[in-house]
Amino acid sequence: MPTKSSIEQLKVYVLAHELEEKTLALVKSMPAENFYPLGNSLWRAATATAHYIAEAHERFSYTIKIQSLPYGRIAAEETIKHLEEFEQQFGADTKSLTEEFTAVIKQCWGLIKYLQGKQREKAESNNARAVDELVAARAAA
């Protein structure tokens with residue numbers, strides 16, 4: 001039985017990747033002569049959202065993860081702006097996509113807060129260990 005990779009278990013990435021595919025379908029539905037610049041920008045922003053979340057997941061350091069995730073959030077916000085412009089130009093209903101990208105933004109914030117908590121826990125653990133080692137070194141001297 002195949003198991004999911006760790007990135008496939010990250011709900012925010014799975015959602016962002018699904019939205020990337022939905023956005024591509026939306027872009028493909030637009031007239032070819034209108035692809036540039038709106039369709040291209042919309043597709044790139046949606047792709048960047050999933051990319052930055054995956055990039056943050058691949059990093060080992062909490063600090064780097066925390067620094068990378070806001071780029072995914074920013075890309076999702078940019079996608080929402082392009083979706084609103086798409087709706088104005090073509091009259092397509094993009095409300096559900098907009099809501100789903102908003103959910104990605106919220107999940108990115110939540111993941112950042114979680115990682116910051118883990119980072120604090122690690123720092124506190126390292127500090128406690130350093131104090132214990134210092135006490136042991138002074139006692140041995």
# chains A, B, ... in the order shown; residues from 1 in each chain; ligands from 1
>>> select_by_dssp(residues="chain A", states="alpha helix (DSSP H)", output="ChimeraX atom specification")
/A:11-29,40-58,62-90,95-140
>>> residues_around(residues="Gln116 in chain A", least_positions_apart="2", cutoff="12 Å", atoms="only C-alpha atoms", output="ChimeraX atom specification")
/A:61-67,69,109-114,118-123
>>> write_last_selection(atoms="C-alpha atoms", output="PDB file, in the first residue's frame")
ATOM      1  CA  SER A  61      15.003  25.271   9.827  1.00  0.00           C
ATOM      2  CA  TYR A  62      11.913  26.734  11.472  1.00  0.00           C
ATOM      3  CA  THR A  63      13.277  30.199  10.752  1.00  0.00           C
ATOM      4  CA  ILE A  64      13.514  29.557   7.011  1.00  0.00           C
ATOM      5  CA  LYS A  65      10.069  27.935   6.942  1.00  0.00           C
ATOM      6  CA  ILE A  66       8.606  30.965   8.721  1.00  0.00           C
ATOM      7  CA  GLN A  67      10.338  33.303   6.259  1.00  0.00           C
ATOM      8  CA  LEU A  69       5.470  30.923   4.041  1.00  0.00           C
ATOM      9  CA  TRP A 109      -1.068  32.212   8.891  1.00  0.00           C
ATOM     10  CA  GLY A 110      -2.003  29.282  11.106  1.00  0.00           C
ATOM     11  CA  LEU A 111       0.998  27.275   9.962  1.00  0.00           C
ATOM     12  CA  ILE A 112       3.285  30.248  10.604  1.00  0.00           C
ATOM     13  CA  LYS A 113       1.904  30.580  14.155  1.00  0.00           C
ATOM     14  CA  TYR A 114       2.368  26.824  14.703  1.00  0.00           C
ATOM     15  CA  LYS A 118       7.661  25.026  17.707  1.00  0.00           C
ATOM     16  CA  GLN A 119      10.605  27.385  17.252  1.00  0.00           C
ATOM     17  CA  ARG A 120      10.044  28.837  20.739  1.00  0.00           C
ATOM     18  CA  GLU A 121       9.801  25.335  22.239  1.00  0.00           C
ATOM     19  CA  LYS A 122      13.073  24.342  20.594  1.00  0.00           C
ATOM     20  CA  ALA A 123      14.815  27.501  21.818  1.00  0.00           C
TER      21      ALA A 123
END
>>> closest_residue(among="A:Asn126, A:Glu77, A:Ser68, A:Phe90", to="Asn34 in chain A", atoms="only C-alpha atoms")
A:Phe90
>>> atom_distance(atom1="CA of Leu38 in chain A", atom2="CA of Phe86 in chain A")
7.3 Å
>>> closest_residue(among="A:Ala46, A:Ile80, A:Leu97, A:Ala54", to="Ser5 in chain A", atoms="only C-alpha atoms")
A:Ala54
